[in-house]
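For reference, model_5.pdb is printed below; it contains PDB, C-alpha atoms and all ligand atoms.
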ATOM      1  CA  MET C   1       9.864  43.874  86.472
ATOM      2  CA  THR C   2       8.538  44.585  83.012
ATOM      3  CA  TYR C   3       8.930  48.048  81.528
ATOM      4  CA  ILE C   4       5.890  49.554  79.865
ATOM      5  CA  ALA C   5       6.096  52.148  77.084
ATOM      6  CA  LYS C   6       4.941  55.555  78.224
ATOM      7  CA  THR C   7       2.393  57.594  76.343
ATOM      8  CA  PHE C   8       3.035  61.261  75.708
ATOM      9  CA  ASN C   9       0.480  64.013  75.507
ATOM     10  CA  LEU C  10       1.887  65.705  72.428
ATOM     11  CA  PRO C  11       0.387  68.753  70.749
ATOM     12  CA  ALA C  12       0.554  69.238  66.965
ATOM     13  CA  LEU C  13       4.186  70.143  66.307
ATOM     14  CA  GLN C  14       5.523  72.722  63.888
ATOM     15  CA  GLY C  15       7.988  71.326  61.362
ATOM     16  CA  LEU C  16       7.623  67.755  62.646
ATOM     17  CA  SER C  17       4.804  65.845  60.998
ATOM     18  CA  GLU C  18       2.398  63.470  62.707
ATOM     19  CA  LYS C  19       3.874  60.647  60.631
ATOM     20  CA  GLN C  20       7.415  61.503  61.754
ATOM     21  CA  ILE C  21       6.379  61.428  65.406
ATOM     22  CA  LYS C  22       4.366  58.232  64.943
ATOM     23  CA  VAL C  23       7.337  56.446  63.362
ATOM     24  CA  HIS C  24       9.642  57.719  66.114
ATOM     25  CA  LEU C  25       7.278  56.663  68.917
ATOM     26  CA  ALA C  26       7.054  53.173  67.395
ATOM     27  CA  LEU C  27      10.828  53.037  67.478
ATOM     28  CA  TYR C  28      10.805  54.066  71.158
ATOM     29  CA  GLU C  29       8.392  51.222  71.881
ATOM     30  CA  GLY C  30      10.893  48.888  70.212
ATOM     31  CA  TYR C  31      13.518  49.902  72.780
ATOM     32  CA  VAL C  32      11.111  49.174  75.643
ATOM     33  CA  LYS C  33      10.362  45.778  74.113
ATOM     34  CA  HIS C  34      14.057  44.952  73.773
ATOM     35  CA  VAL C  35      14.897  46.049  77.337
ATOM     36  CA  ASN C  36      12.356  43.496  78.523
ATOM     37  CA  LEU C  37      13.551  40.905  76.027
ATOM     38  CA  ILE C  38      17.198  41.142  77.133
ATOM     39  CA  ALA C  39      16.236  41.019  80.820
ATOM     40  CA  GLU C  40      14.040  37.980  80.186
ATOM     41  CA  THR C  41      16.701  36.215  78.080
ATOM     42  CA  LEU C  42      19.378  36.810  80.746
ATOM     43  CA  LYS C  43      17.003  35.379  83.333
ATOM     44  CA  GLY C  44      16.677  32.284  81.168
ATOM     45  CA  TYR C  45      20.463  31.957  80.925
ATOM     46  CA  ALA C  46      20.805  32.380  84.722
ATOM     47  CA  ALA C  47      19.042  29.034  85.117
ATOM     48  CA  TYR C  48      21.925  27.351  83.230
ATOM     49  CA  GLY C  49      24.247  28.017  86.201
ATOM     50  CA  ASP C  50      27.496  26.064  85.852
ATOM     51  CA  LYS C  51      26.100  24.270  82.834
ATOM     52  CA  ALA C  52      26.515  27.339  80.621
ATOM     53  CA  SER C  53      28.784  26.493  77.683
ATOM     54  CA  GLU C  54      31.553  28.759  76.405
ATOM     55  CA  GLY C  55      29.155  29.847  73.660
ATOM     56  CA  ASP C  56      26.450  30.632  76.212
ATOM     57  CA  LYS C  57      28.939  32.750  78.169
ATOM     58  CA  TYR C  58      29.689  34.823  75.071
ATOM     59  CA  ALA C  59      25.979  35.311  74.458
ATOM     60  CA  ILE C  60      25.390  36.300  78.107
ATOM     61  CA  ALA C  61      28.284  38.785  78.090
ATOM     62  CA  GLU C  62      27.072  40.294  74.832
ATOM     63  CA  LEU C  63      23.511  40.661  76.143
ATOM     64  CA  ARG C  64      24.807  42.404  79.274
ATOM     65  CA  ARG C  65      26.858  44.751  77.097
ATOM     66  CA  ARG C  66      23.853  45.392  74.874
ATOM     67  CA  PHE C  67      21.511  46.155  77.772
ATOM     68  CA  ALA C  68      22.762  49.763  78.172
ATOM     69  CA  PHE C  69      22.062  50.457  74.485
ATOM     70  CA  GLU C  70      18.445  49.322  74.783
ATOM     71  CA  PHE C  71      17.873  50.803  78.244
ATOM     72  CA  ASP C  72      19.320  54.221  77.419
ATOM     73  CA  GLY C  73      17.524  54.094  74.058
ATOM     74  CA  MET C  74      14.297  53.727  76.032
ATOM     75  CA  ARG C  75      15.069  56.325  78.681
ATOM     76  CA  MET C  76      16.526  58.972  76.318
ATOM     77  CA  HIS C  77      13.383  58.899  74.165
ATOM     78  CA  GLU C  78      11.287  59.482  77.280
ATOM     79  CA  PHE C  79      13.356  62.596  78.043
ATOM     80  CA  TYR C  80      12.966  63.625  74.395
ATOM     81  CA  PHE C  81       9.207  63.299  73.946
ATOM     82  CA  GLU C  82       8.359  64.758  77.381
ATOM     83  CA  GLN C  83      10.026  67.996  76.279
ATOM     84  CA  PHE C  84       7.250  68.604  73.726
ATOM     85  CA  GLU C  85       4.411  68.032  76.177
ATOM     86  CA  GLY C  86       2.471  71.147  77.079
ATOM     87  CA  GLY C  87       3.505  72.920  73.874
ATOM     88  CA  SER C  88       6.240  75.385  73.020
ATOM     89  CA  CYS C  89       7.466  77.590  75.871
ATOM     90  CA  LYS C  90      10.446  79.959  75.927
ATOM     91  CA  MET C  91      13.191  79.874  78.549
ATOM     92  CA  GLN C  92      12.255  82.182  81.417
ATOM     93  CA  ASP C  93      14.645  84.679  82.946
ATOM     94  CA  GLY C  94      15.526  85.232  86.580
ATOM     95  CA  ASN C  95      15.394  81.700  87.975
ATOM     96  CA  GLU C  96      18.102  79.286  89.167
ATOM     97  CA  PHE C  97      18.242  77.530  85.812
ATOM     98  CA  SER C  98      18.622  80.712  83.749
ATOM     99  CA  ASN C  99      21.284  81.957  86.181
ATOM    100  CA  ALA C 100      23.260  78.704  85.803
ATOM    101  CA  VAL C 101      22.895  78.948  81.996
ATOM    102  CA  LYS C 102      24.161  82.547  81.995
ATOM    103  CA  GLU C 103      27.101  81.701  84.209
ATOM    104  CA  LYS C 104      28.164  78.812  81.977
ATOM    105  CA  TYR C 105      27.320  80.024  78.460
ATOM    106  CA  GLY C 106      27.241  83.816  78.878
ATOM    107  CA  GLU C 107      26.249  85.943  75.891
ATOM    108  CA  LYS C 108      26.326  82.992  73.506
ATOM    109  CA  GLY C 109      23.539  81.218  75.354
ATOM    110  CA  LEU C 110      22.615  77.562  75.788
ATOM    111  CA  GLU C 111      20.642  77.143  72.554
ATOM    112  CA  ALA C 112      23.573  78.358  70.431
ATOM    113  CA  HIS C 113      25.875  76.013  72.331
ATOM    114  CA  ILE C 114      23.528  73.042  71.818
ATOM    115  CA  ARG C 115      23.381  73.847  68.086
ATOM    116  CA  GLU C 116      27.181  73.841  67.958
ATOM    117  CA  VAL C 117      27.416  70.465  69.739
ATOM    118  CA  ALA C 118      24.647  69.143  67.467
ATOM    119  CA  SER C 119      26.879  69.747  64.436
ATOM    120  CA  SER C 120      29.111  66.865  65.642
ATOM    121  CA  ARG C 121      29.307  64.131  63.032
ATOM    122  CA  GLY C 122      27.656  60.808  63.760
ATOM    123  CA  ILE C 123      24.486  59.526  65.360
ATOM    124  CA  GLY C 124      23.634  60.183  68.959
ATOM    125  CA  TRP C 125      22.320  62.872  71.221
ATOM    126  CA  VAL C 126      23.146  66.284  72.566
ATOM    127  CA  VAL C 127      22.581  65.917  76.289
ATOM    128  CA  VAL C 128      22.491  68.729  78.834
ATOM    129  CA  TYR C 129      23.129  67.701  82.430
ATOM    130  CA  LYS C 130      22.928  69.341  85.803
ATOM    131  CA  ASP C 131      25.865  69.087  88.164
ATOM    132  CA  ALA C 132      26.226  70.842  91.523
ATOM    133  CA  GLY C 133      25.556  74.465  90.578
ATOM    134  CA  THR C 134      26.527  74.099  86.924
ATOM    135  CA  ILE C 135      25.542  72.609  83.575
ATOM    136  CA  HIS C 136      27.389  70.310  81.182
ATOM    137  CA  THR C 137      26.552  69.746  77.526
ATOM    138  CA  THR C 138      27.959  66.688  75.751
ATOM    139  CA  PHE C 139      27.515  64.553  72.654
ATOM    140  CA  VAL C 140      26.460  60.997  73.494
ATOM    141  CA  GLY C 141      27.144  58.352  70.827
ATOM    142  CA  ASP C 142      24.389  55.794  70.148
ATOM    143  CA  HIS C 143      22.323  56.172  73.344
ATOM    144  CA  GLU C 144      24.862  55.257  75.996
ATOM    145  CA  VAL C 145      28.403  56.067  74.902
ATOM    146  CA  GLY C 146      29.681  59.069  76.812
ATOM    147  CA  GLN C 147      26.844  59.568  79.285
ATOM    148  CA  LEU C 148      28.000  61.494  82.352
ATOM    149  CA  SER C 149      27.536  59.024  85.158
ATOM    150  CA  GLY C 150      25.069  59.991  87.850
ATOM    151  CA  LEU C 151      24.162  63.434  86.526
ATOM    152  CA  PRO C 152      20.479  64.299  86.073
ATOM    153  CA  ILE C 153      19.505  64.961  82.457
ATOM    154  CA  LEU C 154      17.976  68.361  81.736
ATOM    155  CA  LEU C 155      17.591  68.199  77.955
ATOM    156  CA  ALA C 156      17.983  65.527  75.284
ATOM    157  CA  LEU C 157      18.148  66.290  71.561
ATOM    158  CA  ASP C 158      17.882  63.189  69.380
ATOM    159  CA  LEU C 159      20.327  63.363  66.473
ATOM    160  CA  TRP C 160      19.706  59.945  65.006
ATOM    161  CA  GLU C 161      18.531  60.296  61.423
ATOM    162  CA  HIS C 162      15.347  58.369  62.307
ATOM    163  CA  ALA C 163      14.318  61.439  64.367
ATOM    164  CA  TYR C 164      13.837  63.536  61.218
ATOM    165  CA  MET C 165      14.155  61.524  58.005
ATOM    166  CA  VAL C 166      10.403  61.258  57.409
ATOM    167  CA  ASP C 167      10.360  65.075  57.116
ATOM    168  CA  TYR C 168      13.906  66.033  56.120
ATOM    169  CA  VAL C 169      16.896  64.658  54.198
ATOM    170  CA  PRO C 170      20.222  64.363  56.067
ATOM    171  CA  ALA C 171      21.486  67.664  54.596
ATOM    172  CA  GLU C 172      18.487  69.375  56.249
ATOM    173  CA  LYS C 173      19.470  68.387  59.788
ATOM    174  CA  LYS C 174      19.562  72.100  60.645
ATOM    175  CA  ASN C 175      15.840  72.414  59.747
ATOM    176  CA  TYR C 176      15.085  69.557  62.124
ATOM    177  CA  ILE C 177      17.040  71.268  64.904
ATOM    178  CA  ASP C 178      15.120  74.499  64.186
ATOM    179  CA  ALA C 179      11.874  72.511  64.536
ATOM    180  CA  PHE C 180      13.105  70.958  67.787
ATOM    181  CA  PHE C 181      13.687  74.390  69.328
ATOM    182  CA  THR C 182      10.427  75.788  67.912
ATOM    183  CA  ASN C 183       8.487  73.073  69.742
ATOM    184  CA  LEU C 184      10.623  72.732  72.859
ATOM    185  CA  ASN C 185       8.876  73.400  76.154
ATOM    186  CA  TRP C 186      11.693  75.004  78.135
ATOM    187  CA  SER C 187       9.594  74.872  81.311
ATOM    188  CA  VAL C 188      10.052  71.060  81.271
ATOM    189  CA  VAL C 189      13.828  71.573  81.122
ATOM    190  CA  GLU C 190      13.673  74.179  83.909
ATOM    191  CA  SER C 191      11.626  71.872  86.129
ATOM    192  CA  ARG C 192      14.210  69.101  85.645
ATOM    193  CA  PHE C 193      16.835  71.540  86.943
TER     194      PHE C 193
HETATM  195 FE    FE F 201      15.195  58.529  68.365
END
Rewrite the structure from the file as structure tokens, please.
Amino acid sequence: MTYIAKTFNLPALQGLSEKQIKVHLALYEGYVKHVNLIAETLKGYAAYGDKASEGDKYAIAELRRRFAFEFDGMRMHEFYFEQFEGGSCKMQDGNEFSNAVKEKYGEKGLEAHIREVASSRGIGWVVVYKDAGTIHTTFVGDHEVGQLSGLPILLALDLWEHAYMVDYVPAEKKNYIDAFFTNLNWSVVESRF
């Protein structure tokens, strides 16, 4: 199968310019392209069968290793952009999601916890997952290093510099995170739960 880049119905965002989003969406499309490219290249190598040289075997192994980077790069951006669809919406109280959040993060709250995890050094994502009756928040390196296997993703905050460097310098990462939460549609996160 061939993956096709999704389109997102994004409103005008506060603190994230049209140019920033355009650049970021183009980057997302690059991941989709490379998922297909790796799959296609591996298919080509499969035809070599026993005739694959030692060099071919290295290339095949490296492509397989690389596939998760491209695939998760594609998928994580889909989680990311979908969260802005429908426009900004606050977290609602008194539902299963808000109860799970309260039980796990108490007075501090989920947003404050995400902000704390987001201060981790390095490129990657803050990812919030659902597990049976609870929530986990982790820092994922690149797009695929440290993903919690099998858990549904509730929220994905892109912390690669490409996510904000059209609008902010690296020292202004906090302003980008403010903009992320200003525009976040929590009802999308709640419906994923
Ligand atoms: Fe990104």
- Task: Run the PyMOL selection byres (((chain C and resi 3) around 7) and not hetatm) mentally over the shown coordinates, then write out the matched residues as a PyMOL selection string, using the chain letters and numbers from the document.
- Result: chain C and resi 1-2+4-5+32+36
- Message: Under the PyMOL selection byres (((chain C and resi 10) around 7) and not hetatm), which residues of this model are included? Write them out as a list in words.
- Response: Phe8, Asn9, Pro11, Ala12, Phe84 and Glu85 of chain C
So that I have them on file, write out the residues from the current selection with C-alpha atoms, as an mmCIF file, keeping the file's coordinate frame.
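Wrote it out as result23.cif, contents follow:
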data_model
loop_
_atom_site.group_PDB
_atom_site.id
_atom_site.type_symbol
_atom_site.label_atom_id
_atom_site.label_comp_id
_atom_site.auth_asym_id
_atom_site.auth_seq_id
_atom_site.Cartn_x
_atom_site.Cartn_y
_atom_site.Cartn_z
ATOM 1 C CA PHE C 8 3.035 61.261 75.708
ATOM 2 C CA ASN C 9 0.480 64.013 75.507
ATOM 3 C CA PRO C 11 0.387 68.753 70.749
ATOM 4 C CA ALA C 12 0.554 69.238 66.965
ATOM 5 C CA PHE C 84 7.250 68.604 73.726
ATOM 6 C CA GLU C 85 4.411 68.032 76.177
#
- Hey, what comes out of the PyMOL selection byres (((chain C and resi 108-124) around 6) and not hetatm) on this file? Could you write it as a PyMOL selection string? chain C and resi 105-107+125+140-142+159-160
- Enumerate residues in contact with ligand FE 201 (chain F): an atom-to-atom distance of at most 10 Å, counting all atoms listed in the file. Format the result as a list in words.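 With all atoms listed in the file and a cut-off of 10 Å, ligand FE 201 (chain F) is contacted by Ile21, Val23, His24, Leu25, Ala26, Leu27, Tyr28, Tyr31, Gly73, Met74, Met76, His77, Glu78, Tyr80, Phe81, Ile123, Gly124, Trp125, Asp142, His143, Leu157, Asp158, Leu159, Trp160, Glu161, His162, Ala163 and Tyr164 of chain C.
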What are the nearest atom pairs, with distances in Å to one decimal, for all residues of region 11-91 of chain C that come at most 12 Å from region 184-187 of chain C, using all atoms listed in the file, set out by chain and rising residue number as JSON lines?
{"residue": "C:Pro11", "atom": "CA", "partner": "C:Asn185", "partner_atom": "CA", "distance": 11.1}
{"residue": "C:Leu13", "atom": "CA", "partner": "C:Leu184", "partner_atom": "CA", "distance": 9.5}
{"residue": "C:Gln14", "atom": "CA", "partner": "C:Leu184", "partner_atom": "CA", "distance": 10.3}
{"residue": "C:Gly15", "atom": "CA", "partner": "C:Leu184", "partner_atom": "CA", "distance": 11.9}
{"residue": "C:Leu16", "atom": "CA", "partner": "C:Leu184", "partner_atom": "CA", "distance": 11.8}
{"residue": "C:Phe79", "atom": "CA", "partner": "C:Leu184", "partner_atom": "CA", "distance": 11.7}
{"residue": "C:Tyr80", "atom": "CA", "partner": "C:Leu184", "partner_atom": "CA", "distance": 9.5}
{"residue": "C:Phe81", "atom": "CA", "partner": "C:Leu184", "partner_atom": "CA", "distance": 9.6}
{"residue": "C:Glu82", "atom": "CA", "partner": "C:Asn185", "partner_atom": "CA", "distance": 8.7}
{"residue": "C:Gln83", "atom": "CA", "partner": "C:Asn185", "partner_atom": "CA", "distance": 5.5}
{"residue": "C:Phe84", "atom": "CA", "partner": "C:Leu184", "partner_atom": "CA", "distance": 5.4}
{"residue": "C:Glu85", "atom": "CA", "partner": "C:Asn185", "partner_atom": "CA", "distance": 7.0}
{"residue": "C:Gly86", "atom": "CA", "partner": "C:Asn185", "partner_atom": "CA", "distance": 6.9}
{"residue": "C:Gly87", "atom": "CA", "partner": "C:Asn185", "partner_atom": "CA", "distance": 5.9}
{"residue": "C:Ser88", "atom": "CA", "partner": "C:Asn185", "partner_atom": "CA", "distance": 4.6}
{"residue": "C:Cys89", "atom": "CA", "partner": "C:Asn185", "partner_atom": "CA", "distance": 4.4}
{"residue": "C:Lys90", "atom": "CA", "partner": "C:Trp186", "partner_atom": "CA", "distance": 5.6}
{"residue": "C:Met91", "atom": "CA", "partner": "C:Trp186", "partner_atom": "CA", "distance": 5.1}
- Would you work out the distance separating CA of Tyr168 (chain C) from CA of Tyr129 (chain C), expressed in Å to one decimal?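 Distance between the two atoms: 27.9 Å.
Near Gly150 (chain C), within 12 Å and counting all atoms listed in the file, sit Tyr129, Lys130, Asp131 and Ala132 of chain C, not including residues fewer than 5 positions from it in the same chain.
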- Query: Which of these residues is nearest to Asp72 (chain C), using all atoms listed in the file: C:Val145, C:Met165, C:Ala46, C:Ile38?
  - Reply: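 Of C:Val145, C:Met165, C:Ala46, C:Ile38, the one nearest Asp72 (chain C), counting all atoms listed in the file, is C:Val145.
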- Query: Could you work out how far CA of Glu144 (chain C) lies from CA of Ser98 (chain C), giving the answer in Å with one decimal?
  - Reply: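 Computing it gives 27.3 Å between the two atoms.
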C-alpha atoms of region 45-80 of chain C from block above, as an mmCIF file, in the first residue's frame:
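Here's the written file part.cif:
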data_model
loop_
_atom_site.group_PDB
_atom_site.id
_atom_site.type_symbol
_atom_site.label_atom_id
_atom_site.label_comp_id
_atom_site.auth_asym_id
_atom_site.auth_seq_id
_atom_site.Cartn_x
_atom_site.Cartn_y
_atom_site.Cartn_z
ATOM 1 C CA TYR C 45 15.739 -5.592 -2.481
ATOM 2 C CA ALA C 46 13.388 -8.526 -1.715
ATOM 3 C CA ALA C 47 13.664 -9.525 -5.374
ATOM 4 C CA TYR C 48 17.430 -10.066 -4.889
ATOM 5 C CA GLY C 49 16.701 -13.123 -2.702
ATOM 6 C CA ASP C 50 19.867 -15.146 -2.094
ATOM 7 C CA LYS C 51 21.742 -12.958 -4.538
ATOM 8 C CA ALA C 52 21.895 -10.063 -2.072
ATOM 9 C CA SER C 53 25.530 -9.142 -1.413
ATOM 10 C CA GLU C 54 26.945 -8.373 2.029
ATOM 11 C CA GLY C 55 26.642 -4.687 1.136
ATOM 12 C CA ASP C 56 23.006 -5.140 0.124
ATOM 13 C CA LYS C 57 22.311 -6.840 3.461
ATOM 14 C CA TYR C 58 23.700 -3.840 5.338
ATOM 15 C CA ALA C 59 21.551 -1.504 3.263
ATOM 16 C CA ILE C 60 18.445 -3.661 3.845
ATOM 17 C CA ALA C 61 19.049 -3.837 7.608
ATOM 18 C CA GLU C 62 19.596 -0.091 7.774
ATOM 19 C CA LEU C 63 16.402 0.622 5.817
ATOM 20 C CA ARG C 64 14.421 -1.633 8.164
ATOM 21 C CA ARG C 65 15.911 0.192 11.147
ATOM 22 C CA ARG C 66 15.124 3.542 9.552
ATOM 23 C CA PHE C 67 11.508 2.649 8.780
ATOM 24 C CA ALA C 68 10.297 3.367 12.352
ATOM 25 C CA PHE C 69 11.819 6.865 12.207
ATOM 26 C CA GLU C 70 9.943 7.734 9.016
ATOM 27 C CA PHE C 71 6.727 5.932 9.970
ATOM 28 C CA ASP C 72 6.489 7.439 13.454
ATOM 29 C CA GLY C 73 7.526 10.805 11.993
ATOM 30 C CA MET C 74 4.481 10.529 9.736
ATOM 31 C CA ARG C 75 2.063 9.259 12.363
ATOM 32 C CA MET C 76 3.156 11.624 15.177
ATOM 33 C CA HIS C 77 2.585 14.665 12.955
ATOM 34 C CA GLU C 78 -0.927 13.415 12.219
ATOM 35 C CA PHE C 79 -1.620 13.272 15.969
ATOM 36 C CA TYR C 80 -0.092 16.748 16.281
#
